[in-house]
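Everything on this sheet refers to the single structure shown next.
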Amino acid sequence: MHQETGKFLISLDFELMWGVRDVVGPETYGAHIKGEHEAIPRMLEYFTTFGIKGTFATVGLLFFENRYQMLAHVPKMRPSYNDPNLSPYGKYMREEVGESYPSDPYHFGLHLVEQIKNTPGQEIGTHTFSHYYCLEKGQTIKEFAADLAAAIAIAHERGIKITSIIFPRNQVNENYLAECARAGIIVYRSNEQSWLYTARMGEDESLIRRCFRLIDAYVNISGHHTYSAQYMSSGAMVNTPSSRFLRPYSKKLNWLEPLRLRRIKKSMTYAARHNRMYHLWWHPHNFGINQQQNFAFLEKILQHYHYLHRQYGFTSITMSELARELTR
């Protein structure tokens, strides 16, 4: 396969409260989660306007209209983490999850899934069923397979075929990729190729790495993180690694916004000039608050994409579309 032009990937980890509930709760992060219900439709408008094809990796637990439906689709085999707080089942699901979206906007997102599905050019991938952590202690590959099967099954019921996966917390477990391939998945997203971004268990994360990643968001200390067709297709499955996490607007660091934008635009330009892939990602809840500032920043990125598209043929593409190109 010959990749004649650079590729621009955007992927979003769509998880509502499922992705942050073991770290914070609605009382501290509720505005971010509620804001997703406004941010995602707005993102889809921006993507349509600028010709962007996004991959929305969606937690399977968001595919339901009410709690009754949700409980009926929970897999019998569930993750047996050493830390029970990592699992959404049991006490959390009994006490924290409401009856339906009107009473609980933190855990139900079917209407948003349908909007994504009905927007041309967008892909819905999986973020596993339960926001499954593949590197945490206690869980097993069989439990992961059951979780993945549940995610694919509910998507199928909604008329969606799953062929891409983004692992929660970017905990890529190489031993689990064969299960993904058996389930019909053809592509995944890994981390940037740097010691700063190597996947780790939550308890092994360090303050030093977090600090360096923050610096790297503004100043290029780890590289452009762009990837060749040969690199992405060299493994058993197509791998479209991350290039950059789009950090949300910070009032405390707003004076650094020009550096943050420059960091992203320079790497995008490098990818376009050298016929490589650039992969930008974020969570919709990152845009839940400070929407004016976050969308203004995103618009500048998409305007730069338009320039690169005209100048170099830089092309927006979904994860699965790129995987099919690479393996054609």
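Residues are named by chain letter and number: chains run A, B, ... in the order of the structure tokens, numbers start at 1 in each chain, and ligands are numbered from 1 in the order shown.
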
Can you tell me, as a tab-separated table (two decimals) with N, CA and C atoms, in the first residue's frame, what residues are no more than 7 Å from His127 (chain A) when counting only C-alpha atoms, ignoring any on the same chain fewer than 6 positions away?
chain	number	residue	atom	x	y	z
A	13	ASP	N	-12.73	9.90	22.99
A	13	ASP	CA	-13.10	8.87	23.95
A	13	ASP	C	-14.42	9.30	24.60
A	57	ALA	N	-14.97	6.75	19.92
A	57	ALA	CA	-14.89	5.47	20.65
A	57	ALA	C	-15.82	5.55	21.86
A	58	THR	N	-16.87	4.74	21.85
A	58	THR	CA	-17.99	4.91	22.78
A	58	THR	C	-18.11	3.74	23.75
A	59	VAL	N	-18.25	4.04	25.01
A	59	VAL	CA	-18.48	3.02	26.03
A	59	VAL	C	-19.84	2.36	25.79
A	165	ILE	N	-11.07	0.16	18.09
A	165	ILE	CA	-11.10	0.20	19.55
A	165	ILE	C	-10.08	1.22	20.07
A	166	ILE	N	-10.48	1.92	21.11
A	166	ILE	CA	-9.57	2.76	21.89
A	166	ILE	C	-9.65	2.28	23.32
A	167	PHE	N	-8.54	1.86	23.87
A	167	PHE	CA	-8.51	1.28	25.21
A	167	PHE	C	-8.64	2.38	26.27
A	168	PRO	N	-9.54	2.20	27.24
A	168	PRO	CA	-9.67	3.19	28.32
A	168	PRO	C	-8.34	3.46	29.02

Report task. Compile the contact shell of Asn82 (chain A) as a ChimeraX atom specification: residues with an atom at most 8 Å away, counting only C-alpha atoms, same-chain residues fewer than 2 positions apart removed. Result -> /A:80,84,136-139

Query - Which residue of A:Leu135, A:Leu177, A:Val74, A:Met17 approaches Pro105 (chain A) most closely, using only C-alpha atoms - result: A:Met17

Show me a table, sorted first by chain and then by increasing residue number, of the residues of region 176-267 of chain A having an atom at most 12 Å from region 282-287 of chain A, each with its shortest atom pair and the distance in Å to one decimal, counting only C-alpha atoms and written as a tab-separated table.
residue	atom	partner	partner_atom	distance
A:Ser242	CA	A:Trp282	CA	10.3
A:Ser243	CA	A:Trp282	CA	11.2
A:Arg244	CA	A:Trp282	CA	8.7
A:Phe245	CA	A:Trp282	CA	5.7
A:Leu246	CA	A:Trp282	CA	5.4
A:Arg247	CA	A:Trp282	CA	7.2
A:Pro248	CA	A:Asn286	CA	5.4
A:Tyr249	CA	A:Phe287	CA	8.3
A:Ser250	CA	A:Asn286	CA	10.6

Please produce a file of those selected residues containing C-alpha atoms, as a PDB file, in the first residue's frame.
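Below you can see out.pdb, which holds the result:
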ATOM      1  CA  SER A 242      -1.730   9.107  19.294  1.00  0.00           C
ATOM      2  CA  SER A 243       0.127  12.219  18.193  1.00  0.00           C
ATOM      3  CA  ARG A 244      -1.315  14.688  20.695  1.00  0.00           C
ATOM      4  CA  PHE A 245      -3.960  14.912  23.401  1.00  0.00           C
ATOM      5  CA  LEU A 246      -5.919  18.133  22.904  1.00  0.00           C
ATOM      6  CA  ARG A 247      -5.805  19.514  26.418  1.00  0.00           C
ATOM      7  CA  PRO A 248      -8.774  21.655  27.422  1.00  0.00           C
ATOM      8  CA  TYR A 249      -8.539  25.382  27.970  1.00  0.00           C
ATOM      9  CA  SER A 250      -7.040  26.381  31.304  1.00  0.00           C
TER      10      SER A 250
END

Requested in this report: Pick out the residues sitting within 12 Å of Leu326 (chain A), and hand them over as a count of residues only; count only C-alpha atoms, and ignore anything fewer than 6 positions along from it in its own chain.
Outcome: 22

Requested in this report: Using DSSP on the backbone coordinates, identify the residues of region 191-272 of chain A assigned to alpha helix (DSSP H); present them as a ChimeraX atom specification.
Outcome: /A:207-216,229-232,257-272

Output N, CA and C atoms of each residue in that selection to a file, as a PDB file, in the first residue's frame.
ATOM      1  N   LEU A 207       4.278  11.538  39.129  1.00  0.00           N
ATOM      2  CA  LEU A 207       4.141  12.983  39.014  1.00  0.00           C
ATOM      3  C   LEU A 207       5.139  13.534  38.006  1.00  0.00           C
ATOM      4  N   ILE A 208       6.307  12.931  37.937  1.00  0.00           N
ATOM      5  CA  ILE A 208       7.331  13.395  36.993  1.00  0.00           C
ATOM      6  C   ILE A 208       6.833  13.268  35.562  1.00  0.00           C
ATOM      7  N   ARG A 209       6.244  12.133  35.221  1.00  0.00           N
ATOM      8  CA  ARG A 209       5.733  11.953  33.860  1.00  0.00           C
ATOM      9  C   ARG A 209       4.617  12.945  33.575  1.00  0.00           C
ATOM     10  N   ARG A 210       3.739  13.168  34.530  1.00  0.00           N
ATOM     11  CA  ARG A 210       2.656  14.128  34.330  1.00  0.00           C
ATOM     12  C   ARG A 210       3.219  15.530  34.064  1.00  0.00           C
ATOM     13  N   CYS A 211       4.225  15.906  34.804  1.00  0.00           N
ATOM     14  CA  CYS A 211       4.821  17.237  34.631  1.00  0.00           C
ATOM     15  C   CYS A 211       5.459  17.374  33.256  1.00  0.00           C
ATOM     16  N   PHE A 212       6.187  16.364  32.834  1.00  0.00           N
ATOM     17  CA  PHE A 212       6.822  16.429  31.519  1.00  0.00           C
ATOM     18  C   PHE A 212       5.788  16.417  30.399  1.00  0.00           C
ATOM     19  N   ARG A 213       4.691  15.685  30.597  1.00  0.00           N
ATOM     20  CA  ARG A 213       3.639  15.690  29.570  1.00  0.00           C
ATOM     21  C   ARG A 213       2.994  17.069  29.468  1.00  0.00           C
ATOM     22  N   LEU A 214       2.840  17.731  30.598  1.00  0.00           N
ATOM     23  CA  LEU A 214       2.285  19.086  30.574  1.00  0.00           C
ATOM     24  C   LEU A 214       3.211  20.027  29.800  1.00  0.00           C
ATOM     25  N   ILE A 215       4.496  19.943  30.068  1.00  0.00           N
ATOM     26  CA  ILE A 215       5.453  20.775  29.345  1.00  0.00           C
ATOM     27  C   ILE A 215       5.424  20.454  27.853  1.00  0.00           C
ATOM     28  N   ASP A 216       5.323  19.172  27.542  1.00  0.00           N
ATOM     29  CA  ASP A 216       5.333  18.721  26.151  1.00  0.00           C
ATOM     30  C   ASP A 216       4.124  19.222  25.373  1.00  0.00           C
ATOM     31  N   ALA A 229       2.976   4.903   6.945  1.00  0.00           N
ATOM     32  CA  ALA A 229       2.088   3.787   6.625  1.00  0.00           C
ATOM     33  C   ALA A 229       2.727   2.466   7.016  1.00  0.00           C
ATOM     34  N   GLN A 230       4.028   2.358   6.776  1.00  0.00           N
ATOM     35  CA  GLN A 230       4.730   1.114   7.094  1.00  0.00           C
ATOM     36  C   GLN A 230       4.708   0.831   8.588  1.00  0.00           C
ATOM     37  N   TYR A 231       4.908   1.871   9.385  1.00  0.00           N
ATOM     38  CA  TYR A 231       4.907   1.676  10.832  1.00  0.00           C
ATOM     39  C   TYR A 231       3.531   1.238  11.325  1.00  0.00           C
ATOM     40  N   MET A 232       2.487   1.885  10.865  1.00  0.00           N
ATOM     41  CA  MET A 232       1.141   1.597  11.366  1.00  0.00           C
ATOM     42  C   MET A 232       0.665   0.202  10.986  1.00  0.00           C
ATOM     43  N   GLU A 257      -1.536  29.698  25.600  1.00  0.00           N
ATOM     44  CA  GLU A 257      -2.345  29.165  24.506  1.00  0.00           C
ATOM     45  C   GLU A 257      -1.667  29.293  23.134  1.00  0.00           C
ATOM     46  N   PRO A 258      -1.001  30.407  22.822  1.00  0.00           N
ATOM     47  CA  PRO A 258      -0.311  30.469  21.516  1.00  0.00           C
ATOM     48  C   PRO A 258       0.739  29.373  21.342  1.00  0.00           C
ATOM     49  N   LEU A 259       1.441  29.020  22.419  1.00  0.00           N
ATOM     50  CA  LEU A 259       2.428  27.937  22.338  1.00  0.00           C
ATOM     51  C   LEU A 259       1.749  26.593  22.115  1.00  0.00           C
ATOM     52  N   ARG A 260       0.631  26.369  22.778  1.00  0.00           N
ATOM     53  CA  ARG A 260      -0.103  25.108  22.621  1.00  0.00           C
ATOM     54  C   ARG A 260      -0.574  24.948  21.181  1.00  0.00           C
ATOM     55  N   LEU A 261      -1.094  26.013  20.611  1.00  0.00           N
ATOM     56  CA  LEU A 261      -1.552  25.963  19.230  1.00  0.00           C
ATOM     57  C   LEU A 261      -0.383  25.767  18.273  1.00  0.00           C
ATOM     58  N   ARG A 262       0.691  26.461  18.505  1.00  0.00           N
ATOM     59  CA  ARG A 262       1.874  26.341  17.643  1.00  0.00           C
ATOM     60  C   ARG A 262       2.417  24.919  17.671  1.00  0.00           C
ATOM     61  N   ARG A 263       2.428  24.303  18.849  1.00  0.00           N
ATOM     62  CA  ARG A 263       2.923  22.926  18.996  1.00  0.00           C
ATOM     63  C   ARG A 263       2.133  21.974  18.108  1.00  0.00           C
ATOM     64  N   ILE A 264       0.826  22.102  18.122  1.00  0.00           N
ATOM     65  CA  ILE A 264      -0.030  21.217  17.332  1.00  0.00           C
ATOM     66  C   ILE A 264       0.104  21.501  15.833  1.00  0.00           C
ATOM     67  N   LYS A 265       0.063  22.776  15.461  1.00  0.00           N
ATOM     68  CA  LYS A 265       0.098  23.140  14.039  1.00  0.00           C
ATOM     69  C   LYS A 265       1.423  22.747  13.390  1.00  0.00           C
ATOM     70  N   LYS A 266       2.519  22.899  14.096  1.00  0.00           N
ATOM     71  CA  LYS A 266       3.811  22.537  13.523  1.00  0.00           C
ATOM     72  C   LYS A 266       3.901  21.035  13.257  1.00  0.00           C
ATOM     73  N   SER A 267       3.358  20.221  14.167  1.00  0.00           N
ATOM     74  CA  SER A 267       3.391  18.775  13.965  1.00  0.00           C
ATOM     75  C   SER A 267       2.434  18.355  12.855  1.00  0.00           C
ATOM     76  N   MET A 268       1.287  18.991  12.763  1.00  0.00           N
ATOM     77  CA  MET A 268       0.375  18.725  11.645  1.00  0.00           C
ATOM     78  C   MET A 268       1.053  19.043  10.317  1.00  0.00           C
ATOM     79  N   THR A 269       1.742  20.166  10.266  1.00  0.00           N
ATOM     80  CA  THR A 269       2.433  20.562   9.043  1.00  0.00           C
ATOM     81  C   THR A 269       3.527  19.573   8.686  1.00  0.00           C
ATOM     82  N   TYR A 270       4.248  19.114   9.695  1.00  0.00           N
ATOM     83  CA  TYR A 270       5.294  18.112   9.450  1.00  0.00           C
ATOM     84  C   TYR A 270       4.692  16.849   8.835  1.00  0.00           C
ATOM     85  N   ALA A 271       3.561  16.402   9.394  1.00  0.00           N
ATOM     86  CA  ALA A 271       2.909  15.203   8.864  1.00  0.00           C
ATOM     87  C   ALA A 271       2.461  15.411   7.423  1.00  0.00           C
ATOM     88  N   ALA A 272       1.873  16.565   7.127  1.00  0.00           N
ATOM     89  CA  ALA A 272       1.383  16.838   5.776  1.00  0.00           C
ATOM     90  C   ALA A 272       2.527  16.885   4.774  1.00  0.00           C
TER      91      ALA A 272
END
